[in-house]
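Engineer: File work.pdb follows (PDB, C-alpha atoms):
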```
ATOM      1  CA  MET V   1     -36.391  30.925 -44.661
ATOM      2  CA  PRO V   2     -35.326  27.469 -43.395
ATOM      3  CA  LYS V   3     -36.754  26.289 -40.093
ATOM      4  CA  GLY V   4     -35.645  24.265 -37.111
ATOM      5  CA  ALA V   5     -32.492  22.222 -37.442
ATOM      6  CA  GLU V   6     -31.875  23.608 -40.934
ATOM      7  CA  LEU V   7     -31.361  27.060 -39.445
ATOM      8  CA  VAL V   8     -28.798  25.696 -36.997
ATOM      9  CA  THR V   9     -26.601  24.451 -39.847
ATOM     10  CA  CYS V  10     -27.340  27.041 -42.557
ATOM     11  CA  ARG V  11     -24.487  28.598 -44.525
ATOM     12  CA  GLY V  12     -24.022  31.095 -47.327
ATOM     13  CA  ARG V  13     -26.791  33.565 -48.049
ATOM     14  CA  GLU V  14     -29.215  31.924 -45.629
ATOM     15  CA  GLN V  15     -26.676  32.346 -42.844
ATOM     16  CA  GLU V  16     -26.059  35.965 -43.794
ATOM     17  CA  ARG V  17     -29.788  36.665 -43.649
ATOM     18  CA  LEU V  18     -30.107  34.894 -40.306
ATOM     19  CA  HIS V  19     -27.284  36.917 -38.770
ATOM     20  CA  ALA V  20     -28.597  40.193 -40.204
ATOM     21  CA  ARG V  21     -32.034  39.530 -38.736
ATOM     22  CA  ALA V  22     -30.454  38.818 -35.348
ATOM     23  CA  VAL V  23     -28.487  42.067 -35.366
ATOM     24  CA  GLU V  24     -31.640  43.969 -36.278
ATOM     25  CA  ALA V  25     -33.565  42.344 -33.418
ATOM     26  CA  GLY V  26     -30.828  43.204 -30.931
ATOM     27  CA  ARG V  27     -30.527  46.793 -32.117
ATOM     28  CA  ALA V  28     -34.274  47.287 -31.671
ATOM     29  CA  HIS V  29     -33.865  46.563 -27.932
ATOM     30  CA  PHE V  30     -30.354  47.732 -27.115
ATOM     31  CA  GLY V  31     -29.300  50.057 -29.928
ATOM     32  CA  ARG V  32     -25.540  49.846 -30.360
ATOM     33  CA  ARG V  33     -24.884  49.474 -26.619
ATOM     34  CA  VAL V  34     -22.741  46.578 -25.422
ATOM     35  CA  PHE V  35     -22.236  45.757 -21.742
ATOM     36  CA  LEU V  36     -18.619  45.590 -20.506
ATOM     37  CA  ARG V  37     -17.955  43.105 -17.740
ATOM     38  CA  GLY V  38     -14.796  41.951 -16.035
ATOM     39  CA  VAL V  39     -14.182  38.406 -14.873
ATOM     40  CA  VAL V  40     -11.873  37.161 -12.168
ATOM     41  CA  GLU V  41     -11.282  33.408 -11.880
ATOM     42  CA  ILE V  42     -10.457  33.012  -8.222
ATOM     43  CA  SER V  43     -10.129  29.227  -7.837
ATOM     44  CA  ASN V  44      -9.465  26.276 -10.130
ATOM     45  CA  PHE V  45     -10.291  23.644  -7.532
ATOM     46  CA  CYS V  46     -13.283  21.638  -8.743
ATOM     47  CA  ARG V  47     -15.200  18.721  -7.275
ATOM     48  CA  GLU V  48     -16.738  17.836 -10.661
ATOM     49  CA  ASN V  49     -15.243  15.567 -13.319
ATOM     50  CA  CYS V  50     -16.638  16.796 -16.657
ATOM     51  CA  LEU V  51     -15.041  15.009 -19.591
ATOM     52  CA  TYR V  52     -14.820  18.254 -21.589
ATOM     53  CA  CYS V  53     -13.101  20.432 -18.971
ATOM     54  CA  GLY V  54      -9.431  20.740 -18.065
ATOM     55  CA  MET V  55     -10.212  21.565 -14.432
ATOM     56  CA  ARG V  56     -11.923  18.213 -13.816
ATOM     57  CA  ARG V  57     -10.962  16.798 -10.438
ATOM     58  CA  GLU V  58      -9.014  13.871 -11.941
ATOM     59  CA  ASN V  59      -6.589  16.157 -13.782
ATOM     60  CA  GLN V  60      -3.495  15.650 -11.653
ATOM     61  CA  SER V  61      -1.285  17.763 -13.939
ATOM     62  CA  LEU V  62      -2.927  21.025 -12.931
ATOM     63  CA  ASP V  63      -1.470  23.353 -10.292
ATOM     64  CA  ARG V  64      -4.451  24.222  -8.133
ATOM     65  CA  TYR V  65      -4.837  27.698  -6.667
ATOM     66  CA  ARG V  66      -7.142  29.941  -4.668
ATOM     67  CA  ALA V  67      -6.569  33.667  -5.056
ATOM     68  CA  ARG V  68      -6.044  35.774  -1.934
ATOM     69  CA  LEU V  69      -8.907  37.985  -0.828
ATOM     70  CA  ASP V  70      -6.756  41.040  -0.112
ATOM     71  CA  ASP V  71      -4.970  40.833  -3.472
ATOM     72  CA  LEU V  72      -8.287  40.605  -5.319
ATOM     73  CA  SER V  73      -9.734  43.499  -3.333
ATOM     74  CA  GLU V  74      -6.774  45.723  -4.187
ATOM     75  CA  LEU V  75      -7.010  44.865  -7.867
ATOM     76  CA  LEU V  76     -10.771  45.245  -8.231
ATOM     77  CA  ILE V  77     -11.341  48.245  -5.975
ATOM     78  CA  HIS V  78      -8.326  50.339  -6.969
ATOM     79  CA  HIS V  79      -6.977  49.078 -10.311
ATOM     80  CA  ARG V  80      -9.899  47.829 -12.380
ATOM     81  CA  PRO V  81     -10.402  49.024 -15.982
ATOM     82  CA  ALA V  82     -12.296  52.295 -16.172
ATOM     83  CA  THR V  83     -14.887  51.120 -18.713
ATOM     84  CA  MET V  84     -16.008  48.026 -16.829
ATOM     85  CA  THR V  85     -19.418  48.309 -15.129
ATOM     86  CA  ASP V  86     -19.841  44.752 -13.815
ATOM     87  CA  LEU V  87     -17.742  41.937 -12.400
ATOM     88  CA  ASN V  88     -18.278  38.219 -12.755
ATOM     89  CA  ILE V  89     -16.656  36.106 -10.034
ATOM     90  CA  GLN V  90     -15.945  32.620 -11.322
ATOM     91  CA  THR V  91     -14.537  29.417  -9.838
ATOM     92  CA  GLY V  92     -14.506  25.694 -10.375
ATOM     93  CA  GLU V  93     -17.080  24.044  -8.121
ATOM     94  CA  ASP V  94     -15.238  24.964  -4.936
ATOM     95  CA  PRO V  95     -17.429  25.657  -1.881
ATOM     96  CA  VAL V  96     -14.321  26.460   0.185
ATOM     97  CA  ALA V  97     -13.424  29.397  -2.058
ATOM     98  CA  VAL V  98     -17.045  30.562  -2.012
ATOM     99  CA  ARG V  99     -17.063  30.694   1.773
ATOM    100  CA  GLU V 100     -13.566  32.055   2.364
ATOM    101  CA  THR V 101     -13.122  34.430  -0.571
ATOM    102  CA  VAL V 102     -16.176  35.030  -2.760
ATOM    103  CA  ILE V 103     -18.665  36.142  -0.116
ATOM    104  CA  PRO V 104     -16.305  38.567   1.683
ATOM    105  CA  LEU V 105     -15.080  39.887  -1.673
ATOM    106  CA  ILE V 106     -18.635  40.684  -2.766
ATOM    107  CA  ARG V 107     -19.245  42.548   0.493
ATOM    108  CA  ARG V 108     -16.144  44.689  -0.086
ATOM    109  CA  LEU V 109     -17.108  45.409  -3.683
ATOM    110  CA  ARG V 110     -20.621  46.472  -2.739
ATOM    111  CA  GLU V 111     -19.255  48.749  -0.003
ATOM    112  CA  GLN V 112     -16.509  50.386  -2.074
ATOM    113  CA  THR V 113     -17.492  50.236  -5.769
ATOM    114  CA  PRO V 114     -20.585  50.778  -7.954
ATOM    115  CA  LEU V 115     -19.979  47.499  -9.801
ATOM    116  CA  GLY V 116     -22.811  45.122 -10.516
ATOM    117  CA  VAL V 117     -21.792  41.644  -9.329
ATOM    118  CA  SER V 118     -22.506  38.302 -10.951
ATOM    119  CA  VAL V 119     -21.218  34.907  -9.874
ATOM    120  CA  CYS V 120     -20.538  31.651 -11.713
ATOM    121  CA  LEU V 121     -19.879  29.102  -8.989
ATOM    122  CA  GLY V 122     -21.757  25.940  -9.947
ATOM    123  CA  THR V 123     -24.362  24.113  -7.928
ATOM    124  CA  LEU V 124     -24.361  25.091  -4.250
ATOM    125  CA  ALA V 125     -26.519  24.575  -1.175
ATOM    126  CA  PRO V 126     -29.623  26.817  -1.119
ATOM    127  CA  ASN V 127     -28.462  28.654   2.003
ATOM    128  CA  VAL V 128     -25.204  29.580   0.258
ATOM    129  CA  TYR V 129     -27.198  31.138  -2.591
ATOM    130  CA  ASP V 130     -28.913  33.222   0.090
ATOM    131  CA  GLU V 131     -25.594  34.307   1.626
ATOM    132  CA  LEU V 132     -24.232  35.330  -1.784
ATOM    133  CA  GLN V 133     -27.388  37.321  -2.443
ATOM    134  CA  ALA V 134     -27.262  38.982   0.967
ATOM    135  CA  ALA V 135     -23.639  39.970   0.312
ATOM    136  CA  GLY V 136     -24.756  41.864  -2.800
ATOM    137  CA  ALA V 137     -24.548  39.623  -5.887
ATOM    138  CA  THR V 138     -27.639  39.787  -8.109
ATOM    139  CA  ILE V 139     -26.838  37.686 -11.206
ATOM    140  CA  TYR V 140     -26.129  33.944 -11.133
ATOM    141  CA  ILE V 141     -24.580  32.254 -14.163
ATOM    142  CA  ILE V 142     -25.194  28.500 -14.222
ATOM    143  CA  LYS V 143     -24.894  26.719 -17.552
ATOM    144  CA  PHE V 144     -26.982  23.662 -18.355
ATOM    145  CA  GLU V 145     -24.354  22.703 -20.968
ATOM    146  CA  ILE V 146     -26.347  19.950 -22.739
ATOM    147  CA  ALA V 147     -30.138  19.546 -23.050
ATOM    148  CA  ASP V 148     -30.066  15.749 -23.402
ATOM    149  CA  SER V 149     -29.934  13.995 -20.023
ATOM    150  CA  ALA V 150     -28.245  10.861 -21.409
ATOM    151  CA  ALA V 151     -25.481  12.878 -23.082
ATOM    152  CA  TYR V 152     -25.191  14.986 -19.941
ATOM    153  CA  ALA V 153     -24.542  11.863 -17.893
ATOM    154  CA  ARG V 154     -22.218  10.341 -20.513
ATOM    155  CA  LEU V 155     -20.016  13.452 -20.418
ATOM    156  CA  SER V 156     -20.015  13.497 -16.585
ATOM    157  CA  ALA V 157     -21.401  17.033 -16.507
ATOM    158  CA  PRO V 158     -22.121  18.367 -12.990
ATOM    159  CA  GLY V 159     -24.594  16.196 -11.046
ATOM    160  CA  SER V 160     -27.526  15.331 -13.285
ATOM    161  CA  LEU V 161     -29.312  17.500 -15.829
ATOM    162  CA  GLU V 162     -32.482  17.340 -13.752
ATOM    163  CA  GLU V 163     -30.613  18.606 -10.688
ATOM    164  CA  ARG V 164     -28.991  21.390 -12.694
ATOM    165  CA  LEU V 165     -32.314  22.569 -14.076
ATOM    166  CA  GLU V 166     -33.918  22.489 -10.640
ATOM    167  CA  HIS V 167     -31.159  24.745  -9.306
ATOM    168  CA  ILE V 168     -31.702  27.168 -12.194
ATOM    169  CA  ARG V 169     -35.392  27.336 -11.311
ATOM    170  CA  LEU V 170     -34.623  27.588  -7.577
ATOM    171  CA  LEU V 171     -32.303  30.541  -8.146
ATOM    172  CA  ALA V 172     -34.969  32.317 -10.196
ATOM    173  CA  ARG V 173     -37.545  31.731  -7.446
ATOM    174  CA  LYS V 174     -35.128  33.221  -4.941
ATOM    175  CA  GLY V 175     -34.989  36.441  -6.943
ATOM    176  CA  TRP V 176     -31.700  35.958  -8.779
ATOM    177  CA  ARG V 177     -31.403  37.093 -12.386
ATOM    178  CA  VAL V 178     -30.222  33.839 -13.905
ATOM    179  CA  SER V 179     -28.152  33.431 -17.051
ATOM    180  CA  SER V 180     -27.318  30.032 -18.499
ATOM    181  CA  GLY V 181     -25.540  28.587 -21.509
ATOM    182  CA  PHE V 182     -24.655  25.539 -23.558
ATOM    183  CA  ILE V 183     -21.895  24.043 -25.694
ATOM    184  CA  ALA V 184     -22.189  23.781 -29.477
ATOM    185  CA  GLY V 185     -20.338  21.112 -31.443
ATOM    186  CA  LEU V 186     -19.695  18.470 -28.792
ATOM    187  CA  PRO V 187     -18.583  15.119 -30.265
ATOM    188  CA  GLY V 188     -21.601  13.211 -31.579
ATOM    189  CA  GLN V 189     -23.940  16.186 -31.243
ATOM    190  CA  SER V 190     -26.522  16.440 -34.036
ATOM    191  CA  ALA V 191     -28.308  19.522 -35.365
ATOM    192  CA  GLU V 192     -31.428  18.306 -33.560
ATOM    193  CA  ASP V 193     -29.445  18.112 -30.322
ATOM    194  CA  VAL V 194     -28.347  21.718 -30.769
ATOM    195  CA  LEU V 195     -31.911  22.758 -31.524
ATOM    196  CA  ASN V 196     -33.007  21.083 -28.287
ATOM    197  CA  ASN V 197     -30.465  23.224 -26.423
ATOM    198  CA  LEU V 198     -32.150  26.311 -27.837
ATOM    199  CA  LYS V 199     -35.596  25.012 -26.932
ATOM    200  CA  LEU V 200     -34.531  24.281 -23.345
ATOM    201  CA  ALA V 201     -33.020  27.761 -22.986
ATOM    202  CA  ARG V 202     -36.343  29.266 -24.089
ATOM    203  CA  GLU V 203     -38.264  27.263 -21.467
ATOM    204  CA  LEU V 204     -36.077  28.242 -18.506
ATOM    205  CA  PRO V 205     -36.567  31.383 -16.347
ATOM    206  CA  LEU V 206     -33.515  33.193 -17.735
ATOM    207  CA  VAL V 207     -32.446  36.770 -18.418
ATOM    208  CA  GLY V 208     -29.638  35.727 -20.741
ATOM    209  CA  CYS V 209     -27.843  32.792 -22.309
ATOM    210  CA  SER V 210     -24.444  32.089 -23.835
ATOM    211  CA  VAL V 211     -23.295  29.557 -26.386
ATOM    212  CA  GLY V 212     -19.684  28.554 -26.751
ATOM    213  CA  PRO V 213     -18.008  26.259 -29.265
ATOM    214  CA  PHE V 214     -16.636  22.979 -27.977
ATOM    215  CA  ILE V 215     -12.866  23.414 -27.626
ATOM    216  CA  PRO V 216     -10.878  20.244 -26.855
ATOM    217  CA  GLY V 217      -8.560  20.851 -23.927
ATOM    218  CA  GLU V 218      -5.113  19.527 -23.127
ATOM    219  CA  ALA V 219      -6.090  17.200 -20.312
ATOM    220  CA  PRO V 220      -9.693  15.971 -20.683
ATOM    221  CA  PRO V 221     -10.498  12.605 -22.279
ATOM    222  CA  LEU V 222     -11.951  14.491 -25.264
ATOM    223  CA  ARG V 223      -8.644  16.216 -26.080
ATOM    224  CA  GLU V 224      -8.367  14.428 -29.451
ATOM    225  CA  ALA V 225     -11.873  15.430 -30.588
ATOM    226  CA  ALA V 226     -12.484  18.044 -33.268
ATOM    227  CA  SER V 227     -13.348  21.594 -32.224
ATOM    228  CA  GLY V 228     -16.916  22.813 -32.515
ATOM    229  CA  ASP V 229     -17.745  24.609 -35.736
ATOM    230  CA  LEU V 230     -17.681  28.403 -35.556
ATOM    231  CA  GLY V 231     -20.538  28.778 -38.041
ATOM    232  CA  LEU V 232     -22.732  26.473 -35.980
ATOM    233  CA  THR V 233     -21.962  28.437 -32.818
ATOM    234  CA  LEU V 234     -22.699  31.787 -34.455
ATOM    235  CA  ASN V 235     -25.984  30.468 -35.835
ATOM    236  CA  CYS V 236     -26.934  29.539 -32.276
ATOM    237  CA  VAL V 237     -26.082  33.054 -31.059
ATOM    238  CA  ALA V 238     -28.268  34.501 -33.806
ATOM    239  CA  LEU V 239     -31.149  32.140 -33.020
ATOM    240  CA  LEU V 240     -30.947  32.994 -29.324
ATOM    241  CA  ARG V 241     -31.198  36.669 -30.231
ATOM    242  CA  LEU V 242     -34.203  36.126 -32.497
ATOM    243  CA  MET V 243     -35.833  33.915 -29.885
ATOM    244  CA  ARG V 244     -35.330  36.477 -27.104
ATOM    245  CA  PRO V 245     -34.476  39.966 -28.410
ATOM    246  CA  ASP V 246     -34.409  41.267 -24.820
ATOM    247  CA  TRP V 247     -31.757  38.846 -23.532
ATOM    248  CA  VAL V 248     -28.169  39.704 -22.713
ATOM    249  CA  ILE V 249     -26.049  37.373 -24.850
ATOM    250  CA  PRO V 250     -22.245  37.255 -24.446
ATOM    251  CA  ALA V 251     -19.614  37.113 -27.158
ATOM    252  CA  VAL V 252     -17.453  34.429 -25.513
ATOM    253  CA  SER V 253     -13.657  34.495 -25.854
ATOM    254  CA  ALA V 254     -13.672  30.886 -27.145
ATOM    255  CA  LEU V 255     -15.034  32.239 -30.441
ATOM    256  CA  ASN V 256     -11.472  33.332 -31.151
ATOM    257  CA  LEU V 257     -10.235  29.776 -30.577
ATOM    258  CA  ALA V 258     -12.791  28.373 -33.006
ATOM    259  CA  GLY V 259     -12.136  31.188 -35.506
ATOM    260  CA  PRO V 260      -8.742  32.802 -34.880
ATOM    261  CA  GLY V 261      -8.660  36.448 -35.845
ATOM    262  CA  SER V 262     -12.340  36.784 -36.693
ATOM    263  CA  GLY V 263     -14.496  34.727 -34.333
ATOM    264  CA  TYR V 264     -15.016  37.396 -31.700
ATOM    265  CA  HIS V 265     -15.922  40.079 -34.234
ATOM    266  CA  ARG V 266     -18.342  37.705 -35.917
ATOM    267  CA  GLY V 267     -20.013  37.087 -32.559
ATOM    268  CA  LEU V 268     -20.692  40.804 -32.269
ATOM    269  CA  ARG V 269     -22.188  40.678 -35.765
ATOM    270  CA  THR V 270     -24.723  38.024 -34.802
ATOM    271  CA  GLY V 271     -26.465  39.767 -31.934
ATOM    272  CA  ALA V 272     -24.119  39.396 -28.943
ATOM    273  CA  ASN V 273     -24.242  42.409 -26.607
ATOM    274  CA  LEU V 274     -21.968  41.530 -23.691
ATOM    275  CA  VAL V 275     -18.169  41.385 -23.690
ATOM    276  CA  THR V 276     -15.894  40.258 -20.886
ATOM    277  CA  MET V 277     -12.355  41.354 -20.070
ATOM    278  CA  ASN V 278     -10.184  38.945 -18.121
ATOM    279  CA  LEU V 279      -8.773  40.323 -14.849
ATOM    280  CA  THR V 280      -7.425  37.073 -13.395
ATOM    281  CA  PRO V 281      -3.853  37.666 -12.147
ATOM    282  CA  SER V 282      -1.425  36.518 -14.853
ATOM    283  CA  ASP V 283       0.398  34.063 -12.581
ATOM    284  CA  MET V 284      -2.854  32.115 -12.115
ATOM    285  CA  ARG V 285      -4.542  32.550 -15.475
ATOM    286  CA  GLU V 286      -2.961  29.632 -17.344
ATOM    287  CA  ASP V 287      -4.083  27.206 -14.644
ATOM    288  CA  TYR V 288      -7.737  28.152 -15.067
ATOM    289  CA  LEU V 289      -7.830  25.446 -17.691
ATOM    290  CA  LEU V 290     -11.253  25.367 -19.293
ATOM    291  CA  TYR V 291      -9.652  24.561 -22.652
ATOM    292  CA  ARG V 292      -5.924  25.040 -23.260
ATOM    293  CA  ARG V 293      -3.143  27.008 -21.629
ATOM    294  CA  ASP V 294      -2.799  29.182 -24.733
ATOM    295  CA  ARG V 295      -6.028  30.996 -23.986
ATOM    296  CA  PHE V 296      -7.226  33.990 -25.937
ATOM    297  CA  ILE V 297      -7.323  36.675 -23.247
ATOM    298  CA  MET V 298      -9.631  39.612 -23.866
ATOM    299  CA  THR V 299      -8.262  42.826 -22.368
ATOM    300  CA  GLU V 300      -9.934  46.217 -22.151
ATOM    301  CA  GLU V 301      -7.836  47.411 -25.108
ATOM    302  CA  LYS V 302      -8.832  44.449 -27.307
ATOM    303  CA  ILE V 303     -12.490  44.825 -26.400
ATOM    304  CA  LEU V 304     -12.649  48.552 -27.072
ATOM    305  CA  SER V 305     -10.887  48.013 -30.385
ATOM    306  CA  ALA V 306     -13.385  45.313 -31.378
ATOM    307  CA  LEU V 307     -16.342  47.519 -30.441
ATOM    308  CA  GLU V 308     -14.946  50.439 -32.414
ATOM    309  CA  THR V 309     -14.399  48.237 -35.473
ATOM    310  CA  GLU V 310     -17.986  46.968 -35.282
ATOM    311  CA  LYS V 311     -19.342  50.503 -34.652
ATOM    312  CA  LEU V 312     -20.654  49.544 -31.219
ATOM    313  CA  VAL V 313     -20.477  51.573 -28.002
ATOM    314  CA  PRO V 314     -19.796  50.590 -24.373
ATOM    315  CA  SER V 315     -22.831  50.791 -22.119
ATOM    316  CA  GLU V 316     -22.505  53.233 -19.252
ATOM    317  CA  GLN V 317     -25.256  51.334 -17.450
ATOM    318  CA  SER V 318     -24.300  48.192 -15.565
ATOM    319  CA  LEU V 319     -26.064  44.903 -16.119
ATOM    320  CA  ALA V 320     -27.376  45.068 -12.580
ATOM    321  CA  GLU V 321     -28.857  48.530 -13.227
ATOM    322  CA  PHE V 322     -30.278  47.408 -16.572
ATOM    323  CA  TYR V 323     -32.086  44.440 -15.027
ATOM    324  CA  GLN V 324     -33.391  46.538 -12.133
ATOM    325  CA  ALA V 325     -34.720  49.229 -14.484
ATOM    326  CA  LYS V 326     -36.380  46.572 -16.625
ATOM    327  CA  GLU V 327     -37.986  45.022 -13.546
ATOM    328  CA  ASP V 328     -39.217  48.434 -12.380
ATOM    329  CA  ARG V 329     -40.780  49.093 -15.797
ATOM    330  CA  ASN V 330     -42.545  45.727 -15.710
ATOM    331  CA  ILE V 331     -43.927  46.456 -12.251
ATOM    332  CA  SER V 332     -45.156  49.890 -13.346
ATOM    333  CA  ALA V 333     -46.807  48.419 -16.441
ATOM    334  CA  ALA V 334     -48.533  45.783 -14.321
ATOM    335  CA  VAL V 335     -49.865  48.437 -11.930
ATOM    336  CA  VAL V 336     -51.230  50.547 -14.798
ATOM    337  CA  ALA V 337     -52.861  47.514 -16.397
TER     338      ALA V 337
END
```
What does the file become when written as structure tokens?

Structural biologist:
Amino acid sequence: MPKGAELVTCRGREQERLHARAVEAGRAHFGRRVFLRGVVEISNFCRENCLYCGMRRENQSLDRYRARLDDLSELLIHHRPATMTDLNIQTGEDPVAVRETVIPLIRRLREQTPLGVSVCLGTLAPNVYDELQAAGATIYIIKFEIADSAAYARLSAPGSLEERLEHIRLLARKGWRVSSGFIAGLPGQSAEDVLNNLKLARELPLVGCSVGPFIPGEAPPLREAASGDLGLTLNCVALLRLMRPDWVIPAVSALNLAGPGSGYHRGLRTGANLVTMNLTPSDMREDYLLYRRDRFIMTEEKILSALETEKLVPSEQSLAEFYQAKEDRNISAAVVA
């Protein structure tokens, strides 16, 4: 079996073996269960200026929005998909939306639904992390994006890599279950660079990690660059699964942009065990411009169809419940030992 950077770029039979091993490792921990999460993108205001993102603050062509708290509450409390067990609340880096909408929304959800709540809000002040946690969120998603600090700075990713990593560690110390992620196939990225992303993920105090292909957007300076390779991205998913069989690893919707018609299914065949349905109101969705306006939107129907095709089953247990049960088992094992 190839090692290191060779595994990142393998194709043909070696790739098939890699992906099969990853599926086997995931099944040993999770069986055929896949977690079903919803996401609502409540604000596209962003104070950051990442060269790879359409919501960068210098994009003047974007209509900025903040969703209304009452509208979101009505949708998520009374009209959410029946199979969804968790909700991820996502924004650009927008502390105003966090204060005015996210925190009160989490309180309402915890009072009126059984949903597990995760947030993806960027780098915030430590006391705001505490307020989010007190409101009832338990999972924080904060991607490190790129493991090389020079490339991180060159692409104007949020703050500095060192700051980002310190916030990941801070969140873990505060008791959050932290999930991170990185981009595969950025312009100029070598196989060794990708391997370093995997190594950094392994070193961080995480419960899960995602990998998405680089997708050039309409507005960012990198809009003319080539898309990240689907095979490379899927190899990274498989290597994450082999590295940490117990992690929750998403099949990201961008897989269908890198591989139209097959990318998402192939993600499920390489060890991914989390899928996300988009609940952002349709009149706002196209302005949440991570990539392009012609986004591939995963609905409950599309997700259930994909799971059925791949002979997978929706988990009835939420991510929040899964992590709590795992933590309880670890505590019990430590007491017995």

Engineer: Quick one: contact table of segment 113-221 of chain V to segment 293-316 of chain V, 12 Å max, nearest atom pair and distance in Å to one decimal per residue, counting all atoms listed in the file, chain and number order, as a Markdown table?

Structural biologist:
```
| residue | atom | partner | partner_atom | distance |
| --- | --- | --- | --- | --- |
| V:Pro114 | CA | V:Glu316 | CA | 11.7 |
| V:Leu115 | CA | V:Glu316 | CA | 11.3 |
| V:Gly116 | CA | V:Glu316 | CA | 11.9 |
| V:Ile215 | CA | V:Arg295 | CA | 10.8 |
| V:Pro216 | CA | V:Arg293 | CA | 11.5 |
| V:Gly217 | CA | V:Arg293 | CA | 8.5 |
| V:Glu218 | CA | V:Arg293 | CA | 7.9 |
| V:Ala219 | CA | V:Arg293 | CA | 10.3 |
```

Engineer: Might I get the box with edges along x, y and z of the file that holds all atoms of segment 222-230 of chain V listed there, padded by 4 Å on every side, given as centre and edge lengths in Å to one decimal, as lines of an AutoDock Vina configuration file?

Structural biologist:
```
center_x = -13.1
center_y = 21.4
center_z = -30.5
size_x = 17.4
size_y = 22.0
size_z = 18.5
```

Engineer: Residues near Leu206 of chain V, anyone? I mean within 9 Å using all atoms listed in the file, not counting same-chain ones fewer than 3 positions away, as JSON, numbers by chain.

Structural biologist: {"V": [168, 169, 172, 177, 178, 179, 180, 201, 202, 203, 209, 247]}

Engineer: Would you mind reading off the distance between atom CA of Glu321 of chain V and atom CA of Val117 of chain V, one decimal, in Å?

Structural biologist: 10.6 Å

Engineer: Using 8 Å as the limit and counting all atoms listed in the file, can you tabulate each residue of segment 45-79 of chain V that touches segment 89-107 of chain V, with its shortest atom-to-atom distance in Å and the two atoms involved, as JSON lines?

Structural biologist:
```
{"residue": "V:Phe45", "atom": "CA", "partner": "V:Gly92", "partner_atom": "CA", "distance": 5.5}
{"residue": "V:Cys46", "atom": "CA", "partner": "V:Glu93", "partner_atom": "CA", "distance": 4.5}
{"residue": "V:Arg47", "atom": "CA", "partner": "V:Glu93", "partner_atom": "CA", "distance": 5.7}
{"residue": "V:Glu48", "atom": "CA", "partner": "V:Glu93", "partner_atom": "CA", "distance": 6.7}
{"residue": "V:Met55", "atom": "CA", "partner": "V:Gly92", "partner_atom": "CA", "distance": 7.2}
{"residue": "V:Arg66", "atom": "CA", "partner": "V:Ala97", "partner_atom": "CA", "distance": 6.8}
{"residue": "V:Ala67", "atom": "CA", "partner": "V:Thr101", "partner_atom": "CA", "distance": 8.0}
{"residue": "V:Arg68", "atom": "CA", "partner": "V:Thr101", "partner_atom": "CA", "distance": 7.3}
{"residue": "V:Leu69", "atom": "CA", "partner": "V:Thr101", "partner_atom": "CA", "distance": 5.5}
{"residue": "V:Leu72", "atom": "CA", "partner": "V:Leu105", "partner_atom": "CA", "distance": 7.7}
{"residue": "V:Ser73", "atom": "CA", "partner": "V:Leu105", "partner_atom": "CA", "distance": 6.7}
```

Engineer: Calculated over all atoms listed in the file, which of the candidates V:Leu204, V:Met243, V:Leu121, V:Leu186 has the smallest distance to Leu170 of chain V?

Structural biologist: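 Looking at the shortest contact to Leu170 of chain V, the residue is V:Leu204.
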
Engineer: One decimal, Å: what's the distance from atom CA of Val336 of chain V over to atom CA of Gln324 of chain V, could you say?

Structural biologist: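 Taking atom CA of Val336 of chain V and atom CA of Gln324 of chain V, their separation equals 18.5 Å.
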